[in-house]
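These notes concern the structure reproduced below.
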Amino acid sequence: MVKTNTQAGASATKKYVKFGIVAVIVIAVAVIGLFAVKSFSGKTVSAESAIDGISSEAVSGGDLRMAVIRMDAIQSDAKALQDLRKQRESYEEKLRSELEKEQKELEKEKEEIEKSQDVLSQEALQRRVVEYQGKVTKLQRDLTERAQSVDAAFQKALVEIQEKHLDPIIEAIIAKKNLSLVIDGRFARTGANVENLDITADVINALDKKVSTVKMDTPKGF
């Protein structure tokens, strides 16, 4: 029996759901632990002396204007991003169809090799097995490279949407509303009845007006 994995290359058709657009200022507050150090060399100063040159001024509550943007909602609801996902899925479907076709052909060839074991010489049989394994390896390599090309084209289009369209819209809304801080809603916890805090709908509506589709570059191998 010839034992060769005809399923090689199936991993090349995996879904690419990674979404890399982060176009807002995300504020994270970290608590720094102070660990006791028994001894170290060098001159030391007190904490008061170390912060001597730092200004005592800070933003007051009355001056701070904040907003929240839910990037996951923009990803799922904005027309340009919906269209972009459809383009990616179309290429992935082509890869799946080709994989199924190639697998059937390889399975058929495998059966023929198995049937010829009693007819072919050991040398001829070994040659056919090596050729068959080469086809499996090539299929895996080709499909993997093409799947990576689909992802690269998709990510490039995402960057284009972010840099040319999404970022300018967010910056314009920040200026119009005179906002001090915009937080990614995935990391924010807000209470009820907070009016005008979430500007996600404003961003989506403006983005839809500015652009409804961004064409992916044709991936290599298509």
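Each chain in the structure tokens gets a letter, A, B and so on, in the order shown; residues start at 1 in every chain, and ligands are counted from 1 in the order they appear.
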Would you list, as a PDB file with all heavy atoms, in the first residue's frame, the residues of range 24-218 of chain A that end up in strand (DSSP E or B) under DSSP run on this structure's backbone?
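Result file out19.pdb:
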```pdb
ATOM      1  N   MET A  66     -14.763  63.185  26.038  1.00  0.00           N
ATOM      2  CA  MET A  66     -14.419  61.816  25.661  1.00  0.00           C
ATOM      3  C   MET A  66     -15.448  61.229  24.703  1.00  0.00           C
ATOM      4  O   MET A  66     -16.585  61.678  24.618  1.00  0.00           O
ATOM      5  CB  MET A  66     -14.330  60.923  26.898  1.00  0.00           C
ATOM      6  CG  MET A  66     -13.260  61.317  27.890  1.00  0.00           C
ATOM      7  SD  MET A  66     -13.265  60.228  29.337  1.00  0.00           S
ATOM      8  CE  MET A  66     -12.955  58.639  28.561  1.00  0.00           C
ATOM      9  N   ALA A  67     -15.020  60.170  23.980  1.00  0.00           N
ATOM     10  CA  ALA A  67     -15.917  59.416  23.110  1.00  0.00           C
ATOM     11  C   ALA A  67     -15.421  57.977  23.006  1.00  0.00           C
ATOM     12  O   ALA A  67     -14.259  57.687  23.303  1.00  0.00           O
ATOM     13  CB  ALA A  67     -16.008  60.048  21.727  1.00  0.00           C
ATOM     14  N   VAL A  68     -16.323  57.112  22.585  1.00  0.00           N
ATOM     15  CA  VAL A  68     -16.013  55.694  22.427  1.00  0.00           C
ATOM     16  C   VAL A  68     -16.321  55.272  20.995  1.00  0.00           C
ATOM     17  O   VAL A  68     -17.324  55.683  20.412  1.00  0.00           O
ATOM     18  CB  VAL A  68     -16.842  54.840  23.408  1.00  0.00           C
ATOM     19  CG1 VAL A  68     -16.720  53.360  23.076  1.00  0.00           C
ATOM     20  CG2 VAL A  68     -16.386  55.087  24.838  1.00  0.00           C
ATOM     21  N   ILE A  69     -15.436  54.468  20.419  1.00  0.00           N
ATOM     22  CA  ILE A  69     -15.662  53.890  19.093  1.00  0.00           C
ATOM     23  C   ILE A  69     -15.576  52.372  19.213  1.00  0.00           C
ATOM     24  O   ILE A  69     -14.608  51.844  19.762  1.00  0.00           O
ATOM     25  CB  ILE A  69     -14.624  54.364  18.059  1.00  0.00           C
ATOM     26  CG1 ILE A  69     -14.775  55.846  17.784  1.00  0.00           C
ATOM     27  CG2 ILE A  69     -14.785  53.586  16.750  1.00  0.00           C
ATOM     28  CD1 ILE A  69     -13.792  56.371  16.757  1.00  0.00           C
ATOM     29  N   LEU A 181     -10.234  62.831  24.053  1.00  0.00           N
ATOM     30  CA  LEU A 181      -9.847  61.424  24.155  1.00  0.00           C
ATOM     31  C   LEU A 181     -10.879  60.561  23.456  1.00  0.00           C
ATOM     32  O   LEU A 181     -12.081  60.727  23.650  1.00  0.00           O
ATOM     33  CB  LEU A 181      -9.746  61.019  25.627  1.00  0.00           C
ATOM     34  CG  LEU A 181      -9.419  59.562  25.944  1.00  0.00           C
ATOM     35  CD1 LEU A 181      -8.010  59.214  25.471  1.00  0.00           C
ATOM     36  CD2 LEU A 181      -9.558  59.312  27.440  1.00  0.00           C
ATOM     37  N   VAL A 182     -10.397  59.618  22.619  1.00  0.00           N
ATOM     38  CA  VAL A 182     -11.267  58.630  21.984  1.00  0.00           C
ATOM     39  C   VAL A 182     -10.748  57.244  22.358  1.00  0.00           C
ATOM     40  O   VAL A 182      -9.570  56.947  22.185  1.00  0.00           O
ATOM     41  CB  VAL A 182     -11.283  58.790  20.448  1.00  0.00           C
ATOM     42  CG1 VAL A 182     -12.134  57.694  19.822  1.00  0.00           C
ATOM     43  CG2 VAL A 182     -11.814  60.155  20.058  1.00  0.00           C
ATOM     44  N   ILE A 183     -11.640  56.402  22.876  1.00  0.00           N
ATOM     45  CA  ILE A 183     -11.255  55.088  23.373  1.00  0.00           C
ATOM     46  C   ILE A 183     -11.906  53.999  22.533  1.00  0.00           C
ATOM     47  O   ILE A 183     -13.075  54.107  22.165  1.00  0.00           O
ATOM     48  CB  ILE A 183     -11.670  54.910  24.852  1.00  0.00           C
ATOM     49  CG1 ILE A 183     -11.035  55.989  25.717  1.00  0.00           C
ATOM     50  CG2 ILE A 183     -11.270  53.532  25.364  1.00  0.00           C
ATOM     51  CD1 ILE A 183     -11.472  55.942  27.162  1.00  0.00           C
ATOM     52  N   ASP A 184     -11.148  52.944  22.230  1.00  0.00           N
ATOM     53  CA  ASP A 184     -11.703  51.778  21.555  1.00  0.00           C
ATOM     54  C   ASP A 184     -12.716  51.120  22.487  1.00  0.00           C
ATOM     55  O   ASP A 184     -12.393  50.728  23.601  1.00  0.00           O
ATOM     56  CB  ASP A 184     -10.572  50.798  21.209  1.00  0.00           C
ATOM     57  CG  ASP A 184     -11.030  49.682  20.288  1.00  0.00           C
ATOM     58  OD1 ASP A 184     -12.209  49.284  20.370  1.00  0.00           O
ATOM     59  OD2 ASP A 184     -10.208  49.195  19.496  1.00  0.00           O
ATOM     60  N   ASP A 198     -20.915  57.386  22.494  1.00  0.00           N
ATOM     61  CA  ASP A 198     -20.553  56.435  21.443  1.00  0.00           C
ATOM     62  C   ASP A 198     -20.719  57.097  20.073  1.00  0.00           C
ATOM     63  O   ASP A 198     -21.823  57.485  19.685  1.00  0.00           O
ATOM     64  CB  ASP A 198     -21.453  55.199  21.538  1.00  0.00           C
ATOM     65  CG  ASP A 198     -20.940  54.041  20.684  1.00  0.00           C
ATOM     66  OD1 ASP A 198     -20.346  54.309  19.619  1.00  0.00           O
ATOM     67  OD2 ASP A 198     -21.130  52.882  21.092  1.00  0.00           O
TER      68      ASP A 198
END
```
For this session: Please provide the set of residues having any atom within 6 Å of range 146-152 of chain A, restricted to only C-alpha atoms, with same-chain residues fewer than 2 positions apart removed, written as number ranges by chain.
Result: A: 12, 143-144, 154-155, 219-221
Would you mind exporting N, CA, C and O atoms of the selected residues as a PDB file, in the first residue's frame?
```pdb
ATOM      1  N   ALA A  12      -4.289  25.326   3.571  1.00  0.00           N
ATOM      2  CA  ALA A  12      -4.108  26.583   2.831  1.00  0.00           C
ATOM      3  C   ALA A  12      -5.398  27.334   2.609  1.00  0.00           C
ATOM      4  O   ALA A  12      -5.379  28.478   2.182  1.00  0.00           O
ATOM      5  N   LEU A 143      -0.865  25.878  -2.993  1.00  0.00           N
ATOM      6  CA  LEU A 143      -2.067  26.360  -2.329  1.00  0.00           C
ATOM      7  C   LEU A 143      -1.726  27.243  -1.131  1.00  0.00           C
ATOM      8  O   LEU A 143      -2.404  28.234  -0.860  1.00  0.00           O
ATOM      9  N   THR A 144      -0.674  26.881  -0.410  1.00  0.00           N
ATOM     10  CA  THR A 144      -0.256  27.689   0.737  1.00  0.00           C
ATOM     11  C   THR A 144       0.197  29.077   0.277  1.00  0.00           C
ATOM     12  O   THR A 144      -0.180  30.094   0.872  1.00  0.00           O
ATOM     13  N   PHE A 154      -5.621  41.210   1.008  1.00  0.00           N
ATOM     14  CA  PHE A 154      -6.688  41.657   1.907  1.00  0.00           C
ATOM     15  C   PHE A 154      -6.154  42.656   2.932  1.00  0.00           C
ATOM     16  O   PHE A 154      -6.750  43.712   3.164  1.00  0.00           O
ATOM     17  N   GLN A 155      -5.013  42.344   3.527  1.00  0.00           N
ATOM     18  CA  GLN A 155      -4.427  43.236   4.523  1.00  0.00           C
ATOM     19  C   GLN A 155      -4.015  44.567   3.901  1.00  0.00           C
ATOM     20  O   GLN A 155      -4.159  45.626   4.527  1.00  0.00           O
ATOM     21  N   PRO A 219      -4.660  38.565  -6.115  1.00  0.00           N
ATOM     22  CA  PRO A 219      -3.578  37.794  -5.487  1.00  0.00           C
ATOM     23  C   PRO A 219      -2.786  37.010  -6.514  1.00  0.00           C
ATOM     24  O   PRO A 219      -3.302  36.637  -7.579  1.00  0.00           O
ATOM     25  N   LYS A 220      -1.537  36.734  -6.212  1.00  0.00           N
ATOM     26  CA  LYS A 220      -0.697  35.952  -7.105  1.00  0.00           C
ATOM     27  C   LYS A 220      -1.280  34.541  -7.272  1.00  0.00           C
ATOM     28  O   LYS A 220      -1.715  33.929  -6.324  1.00  0.00           O
ATOM     29  N   GLY A 221      -1.278  34.067  -8.496  1.00  0.00           N
ATOM     30  CA  GLY A 221      -1.781  32.722  -8.753  1.00  0.00           C
ATOM     31  C   GLY A 221      -3.232  32.686  -9.168  1.00  0.00           C
ATOM     32  O   GLY A 221      -3.777  31.599  -9.404  1.00  0.00           O
TER      33      GLY A 221
END
```
Exercise. So, counting only C-alpha atoms, which residue among A:Glu48, A:Glu131, A:Glu160, A:Glu57 is closest to Lys215 in chain A?
Worked result: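 The closest residue to Lys215 in chain A is A:Glu160.
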Exercise. Near Ala201 in chain A, counting only C-alpha atoms, which residues have an atom at most 10 Å away, once you skip same-chain residues fewer than 6 positions from it, shown as a PyMOL selection string?
Worked result: chain A and resi 69-70+73-74+77-78+207
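Using only C-alpha atoms, the smallest distance between any of A:Glu93, A:Asp63, A:Glu195, A:Glu98 and Gln140 in chain A comes from A:Glu98.
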Exercise. Which is closer to Ala153 in chain A than all the others in A:Arg65, A:Lys108, A:Arg128, A:Arg85, using only C-alpha atoms?
Worked result: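 Ranked by minimum distance to Ala153 in chain A, first place goes to A:Arg85.
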Problem set entry | Pick from A:Asp52, A:Phe222, A:Pro168, A:Ile173, whichever lies nearest to Lys210 in chain A using only C-alpha atoms | A:Pro168
For this session: Write out as JSON, numbers by chain all residues of range 52-219 of chain A that DSSP puts in helix (DSSP H, G or I) for this structure's backbone.
Result: {"A": [71, 72, 73, 74, 75, 76, 77, 79, 80, 81, 82, 83, 84, 85, 86, 87, 88, 89, 90, 91, 92, 93, 94, 95, 96, 97, 98, 99, 100, 101, 102, 103, 104, 105, 106, 107, 108, 109, 110, 111, 112, 113, 114, 115, 116, 117, 118, 122, 123, 124, 125, 126, 127, 128, 129, 130, 131, 132, 133, 134, 135, 136, 137, 138, 139, 140, 141, 142, 143, 144, 145, 146, 147, 148, 149, 150, 151, 152, 153, 154, 155, 156, 157, 158, 159, 160, 161, 162, 163, 164, 165, 166, 167, 168, 169, 170, 171, 172, 173, 174, 175, 176, 177, 185, 186, 187, 200, 201, 202, 203, 204, 205, 206, 207, 208, 209, 210]}
For this session: Find the residue from A:Ser116, A:Lys79, A:Ala188, A:Leu139 that sits nearest to Leu99 in chain A; use only C-alpha atoms when measuring.
Result: A:Leu139
For this session: Record the distance separating CA of Lys156 in chain A and CA of Glu100 in chain A, expressed in Å with one decimal.
Result: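 Spanning CA of Lys156 in chain A to CA of Glu100 in chain A is a straight-line distance of 28.3 Å.
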